[in-house]
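Everything below belongs to input_34.txt, which stores compact mmCIF, C-alpha atoms and all ligand atoms.
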# COMPACT_ATOMS: atom_id res chain seq x y z
CA MET A 1452 -75.31 19.52 -39.73
CA SER A 1453 -75.98 18.54 -36.15
CA VAL A 1454 -72.50 16.90 -36.10
CA CYS A 1455 -70.87 20.24 -36.71
CA LYS A 1456 -72.68 21.71 -33.76
CA CYS A 1457 -71.30 18.95 -31.48
CA VAL A 1458 -67.70 19.11 -32.68
CA PHE A 1459 -66.89 22.49 -31.14
CA PRO A 1460 -68.03 21.64 -27.61
CA VAL A 1461 -66.06 18.35 -27.76
CA LEU A 1462 -62.92 20.10 -28.99
CA ALA A 1463 -63.32 22.65 -26.26
CA VAL A 1464 -63.47 19.91 -23.61
CA VAL A 1465 -60.41 18.13 -25.07
CA ALA A 1466 -58.52 21.39 -25.14
CA ALA A 1467 -59.44 22.00 -21.53
CA ILE A 1468 -58.18 18.51 -20.53
CA VAL A 1469 -54.89 18.98 -22.40
CA GLU A 1470 -54.52 22.33 -20.73
CA THR A 1471 -54.91 20.92 -17.22
CA TYR A 1472 -53.23 17.45 -17.70
CA PRO A 1473 -49.56 18.38 -17.29
CA THR A 1474 -50.03 20.22 -14.02
CA SER A 1475 -52.51 17.77 -12.52
CA THR A 1476 -50.63 14.45 -13.09
CA ARG A 1477 -46.89 15.37 -13.23
CA THR A 1478 -44.89 16.82 -10.47
CA PRO A 1479 -46.00 20.41 -10.18
CA THR A 1480 -43.43 22.79 -11.52
CA SER A 1481 -43.74 24.83 -8.37
CA THR A 1482 -42.06 21.99 -6.38
CA ARG A 1483 -38.92 21.95 -8.56
CA SER A 1484 -36.09 24.18 -7.74
CA PRO A 1485 -36.28 27.12 -10.09
CA SER A 1486 -32.49 27.29 -10.23
CA ILE A 1487 -32.00 23.76 -11.68
CA SER A 1488 -30.99 24.00 -15.32
CA SER A 1489 -31.96 21.51 -18.00
CA THR A 1490 -28.47 19.90 -17.92
CA THR A 1491 -29.00 18.62 -14.38
CA TRP A 1492 -31.64 16.23 -15.65
CA PHE A 1493 -29.03 14.04 -17.36
CA PRO A 1494 -28.20 10.90 -15.34
CA PRO A 1495 -24.99 11.58 -13.34
CA ALA A 1496 -23.58 8.18 -14.41
CA THR A 1497 -23.60 9.28 -18.03
CA ILE A 1498 -21.66 12.42 -17.20
CA ASN A 1499 -19.07 10.52 -15.11
CA ALA A 1500 -18.54 7.88 -17.78
CA ALA A 1501 -17.84 10.54 -20.35
CA THR A 1502 -15.36 12.25 -17.99
CA THR A 1503 -13.33 9.11 -17.17
CA THR A 1504 -13.08 7.92 -20.74
CA THR A 1505 -11.80 11.24 -21.98
CA ALA A 1506 -9.20 11.81 -19.27
CA PRO A 1507 -6.80 8.79 -19.14
CA SER A 1508 -3.98 11.11 -18.12
CA THR A 1509 -5.32 11.16 -14.55
CA ILE A 1510 -4.07 7.53 -14.13
CA THR A 1511 -0.45 8.59 -14.47
CA THR A 1512 -0.80 11.18 -11.73
CA ILE A 1513 -1.79 8.49 -9.18
CA ALA A 1514 1.68 6.85 -9.17
CA PRO A 1515 3.64 7.96 -6.07
CA PRO A 1516 6.68 10.05 -6.82
CA GLN A 1517 10.11 8.48 -6.33
CA LYS A 1518 11.66 9.48 -3.08
CA ASP A 1519 14.78 11.57 -3.41
CA CYS A 1520 17.33 9.41 -1.56
CA ALA A 1521 20.96 10.39 -1.10
CA VAL A 1522 23.55 8.11 -2.75
CA PRO A 1523 23.99 5.17 -2.08
CA PHE A 1524 20.42 4.84 -0.77
CA LYS A 1525 17.58 3.92 -3.09
CA ASP A 1526 13.83 4.37 -2.84
CA ILE A 1527 12.44 0.93 -2.10
CA GLY A 1528 8.78 0.94 -1.09
CA GLY A 1529 8.99 4.59 -0.11
CA ARG A 1530 12.01 4.05 2.15
CA CYS A 1531 15.60 5.09 1.51
CA LEU A 1532 17.48 1.78 1.77
CA PHE A 1533 21.05 0.73 1.05
CA ILE A 1534 21.35 -3.01 0.40
CA ASN A 1535 25.04 -3.83 0.68
CA PRO A 1536 26.04 -7.44 -0.09
CA PHE A 1537 29.77 -6.63 -0.23
CA THR A 1538 30.55 -5.62 3.36
CA LYS A 1539 30.04 -8.24 6.06
CA GLY A 1540 30.35 -8.31 9.80
CA ASN A 1541 28.49 -9.19 12.98
CA TRP A 1542 25.25 -7.42 13.93
CA MET A 1543 26.91 -4.68 16.02
CA GLU A 1544 29.62 -4.04 13.41
CA MET A 1545 27.04 -3.69 10.68
CA ARG A 1546 25.00 -1.34 12.83
CA TYR A 1547 28.10 0.80 13.21
CA PHE A 1548 28.60 0.60 9.44
CA CYS A 1549 25.10 2.08 8.96
CA HIS A 1550 25.74 4.78 11.55
CA GLU A 1551 28.80 5.88 9.59
CA LEU A 1552 26.44 6.56 6.67
CA LEU A 1553 24.09 8.58 8.90
CA SER A 1554 21.67 5.69 8.78
CA GLU A 1555 20.41 2.80 10.89
CA LEU A 1556 19.88 -0.91 10.37
CA ALA A 1557 16.69 -1.19 8.30
CA VAL A 1558 13.28 -1.40 9.95
CA ILE A 1559 11.19 -3.60 7.65
CA ASN A 1560 7.83 -3.27 9.34
CA GLU A 1561 5.46 -2.84 6.39
CA GLY A 1562 4.38 -5.58 4.00
CA ASN A 1563 4.74 -3.47 0.86
CA VAL A 1564 8.28 -2.43 1.83
CA PHE A 1565 9.20 -6.07 2.47
CA THR A 1566 7.76 -7.17 -0.89
CA GLU A 1567 9.56 -4.44 -2.81
CA LEU A 1568 12.78 -5.22 -0.97
CA LEU A 1569 12.53 -8.90 -1.94
CA ASN A 1570 11.78 -8.00 -5.56
CA PHE A 1571 14.70 -5.57 -5.64
CA THR A 1572 17.23 -8.11 -4.37
CA ARG A 1573 15.92 -10.69 -6.83
CA PHE A 1574 16.03 -8.26 -9.76
CA GLU A 1575 19.55 -7.10 -8.88
CA GLY A 1576 20.77 -10.68 -8.38
CA ILE A 1577 21.84 -10.06 -4.77
CA ASP A 1578 19.38 -12.40 -3.09
CA GLN A 1579 22.00 -15.06 -2.26
CA HIS A 1580 23.30 -13.25 0.82
CA ASP A 1581 22.08 -13.11 4.42
CA TYR A 1582 21.38 -9.53 5.54
CA TRP A 1583 21.31 -8.13 9.04
CA ILE A 1584 18.39 -5.78 9.67
CA GLY A 1585 17.47 -3.67 12.69
CA ALA A 1586 15.87 -5.82 15.36
CA ASN A 1587 16.86 -8.13 18.22
CA ASP A 1588 15.57 -9.78 21.38
CA THR A 1589 18.74 -9.32 23.40
CA GLU A 1590 17.08 -7.31 26.17
CA THR A 1591 14.28 -9.82 26.84
CA GLU A 1592 14.30 -13.22 25.19
CA GLY A 1593 11.32 -13.53 22.83
CA ASP A 1594 10.46 -9.82 22.98
CA TRP A 1595 11.63 -8.73 19.54
CA ARG A 1596 12.15 -5.00 19.15
CA TRP A 1597 13.20 -2.81 16.26
CA VAL A 1598 16.03 -0.35 16.79
CA ASN A 1599 13.34 2.32 17.18
CA HIS A 1600 12.02 0.25 20.16
CA LYS A 1601 8.75 -0.68 18.43
CA LYS A 1602 7.57 -4.27 18.63
CA VAL A 1603 8.39 -6.63 15.76
CA VAL A 1604 5.32 -8.39 14.38
CA LEU A 1605 5.76 -12.16 14.66
CA GLY A 1606 4.41 -14.80 12.29
CA SER A 1607 3.38 -14.39 8.66
CA PRO A 1608 4.07 -12.75 6.34
CA TYR A 1609 7.54 -11.81 7.58
CA TRP A 1610 9.08 -14.80 9.37
CA ALA A 1611 10.56 -17.82 7.59
CA LEU A 1612 8.70 -21.10 7.61
CA TYR A 1613 10.12 -24.57 7.46
CA GLY A 1614 8.77 -28.08 7.58
CA ASN A 1615 9.61 -29.98 10.76
CA PHE A 1616 8.48 -33.57 10.26
CA ASP A 1617 4.73 -33.32 9.71
CA VAL A 1618 4.19 -29.70 10.84
CA TYR A 1619 5.31 -26.27 9.70
CA VAL A 1620 7.28 -24.16 12.15
CA LEU A 1621 7.81 -20.42 12.03
CA GLU A 1622 10.97 -18.66 13.12
CA PRO A 1623 12.20 -17.43 15.53
CA GLN A 1624 13.31 -20.77 16.99
CA GLY A 1625 16.83 -19.99 18.21
CA GLY A 1626 15.95 -19.13 21.81
CA TYR A 1627 18.74 -17.61 23.86
CA THR A 1628 21.44 -18.46 21.28
CA GLU A 1629 19.92 -16.47 18.38
CA ASN A 1630 18.97 -12.91 19.21
CA CYS A 1631 19.52 -10.80 16.09
CA LEU A 1632 17.26 -10.49 13.06
CA TYR A 1633 18.43 -11.22 9.54
CA LEU A 1634 16.97 -11.98 6.14
CA ASP A 1635 17.70 -15.65 5.49
CA SER A 1636 18.88 -16.32 1.92
CA SER A 1637 18.27 -20.06 2.36
CA ARG A 1638 14.56 -19.24 2.78
CA PHE A 1639 13.85 -16.55 0.21
CA LEU A 1640 15.10 -13.78 2.55
CA TYR A 1641 12.29 -14.18 5.06
CA PHE A 1642 12.98 -13.22 8.68
CA ASP A 1643 15.12 -15.49 10.83
CA ASP A 1644 16.78 -15.12 14.22
CA GLY A 1645 20.53 -15.61 14.07
CA ASP A 1646 23.63 -15.67 16.23
CA CYS A 1647 24.54 -11.98 16.54
CA SER A 1648 28.26 -12.78 16.22
CA GLN A 1649 27.96 -14.32 12.76
CA GLU A 1650 29.12 -12.32 9.75
CA LYS A 1651 26.43 -11.24 7.34
CA ALA A 1652 25.77 -8.48 4.82
CA VAL A 1653 23.62 -5.51 5.76
CA ILE A 1654 20.65 -3.35 4.83
CA CYS A 1655 20.80 0.22 6.10
CA GLU A 1656 17.94 2.72 6.13
CA TYR A 1657 18.51 6.42 5.93
CA ARG A 1658 17.71 7.83 9.35
CA ASN A 1659 15.04 10.29 8.24
CA SER A 1660 12.82 7.55 6.90
CA ILE A 1661 12.52 5.67 10.22
CA GLU A 1662 11.98 8.56 12.63
CA CA B 1701 16.35 -15.08 20.99
CA CA B 1702 16.95 -19.10 13.56

Spit out the file's structure as structure tokens when you get a sec.
Ligand SMILES: [Ca+2]
Ligand SMILES: [Ca+2]
Amino acid sequence: MSVCKCVFPVLAVVAAIVETYPTSTRTPTSTRSPSISSTTWFPPATINAATTTTAPSTITTIAPPQKDCAVPFKDIGGRCLFINPFTKGNWMEMRYFCHELLSELAVINEGNVFTELLNFTRFEGIDQHDYWIGANDTETEGDWRWVNHKKVVLGSPYWALYGNFDVYVLEPQGGYTENCLYLDSSRFLYFDDGDCSQEKAVICEYRNSIE
């Protein structure tokens, strides 16, 4: 009988502890923002993973749109280029040829444009021709300039390389006798300085894309 008398006070104490435990040991509810809903307690990573796996269509929207180039120019690396292996002439004649098409000799000054250009010529089977492009060092020997007067980057990855005895040498190596820039078919269409009076094919770039 005495046990029954003790049970009620013990239960009362336990109840009192349970009552006070949540607010005394957890973060008080008063410190949480009252506006946060229960959904914000989910880990953000879980929400993101669910979003990316259910929306694969977003991948297709990342691809850059094809540039709308006037015939005969084609979008190559975001530039409007006309690679013409059929008409040949010296550097000045080919520059005039481009001008007649409201274009200029191509300025290949970005690695991705150069790579896409090489892939295009390979894919089209027109990589066995030398092509004049828009740079020279006629004004000051060794100071290579594009037709838009900007400096041509020397060295890799643009300029052709060849083995000279036990060392590799990078073009340009022609000095005062080779002052115009062309893509050298004998070396995978990498840059080479050539005699401006030689006859080669041409790559033109629509004028708007090099302004
Ligand atoms: Ca030169
Ligand atoms: Ca050369």

| field | Protein and nucleic acid residues near (24.3, 5.1, -3.0) (cut-off 12 Å, all atoms listed in the file) as a PyMOL selection string | value | chain A and resi 1519-1526+1531-1535+1552+1655-1657

**Study point:** All residues having an atom within 8 Å of ligand CA 1702 (chain B) (all atoms listed in the file) as a ChimeraX atom specification
**Key:** /A:1622-1625,1629,1643-1646

| Distance filter 6 Å around ligand CA 1701 (chain B), atoms: only C-alpha atoms and all ligand atoms, out as an MDAnalysis selection string | chainID A and resid 1588 1592:1593 1625:1627 1629:1630

Please report the interatomic distance between atom CA of Cys1647 of chain A and atom CA of Phe1574 of chain A in Å with one decimal.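 Between atom CA of Cys1647 of chain A and atom CA of Phe1574 of chain A the gap works out to 27.9 Å.
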
- Within 7 Å of segment 1601-1617 of chain A, counting only C-alpha atoms, which residues qualify if same-chain residues fewer than 5 places away don't, as a PyMOL selection string? chain A and resi 1595-1596+1622+1638+1641-1643

Expressed in Å, the length from atom CA of Val1558 of chain A to atom CA of Gln1649 of chain A is 19.8 Å
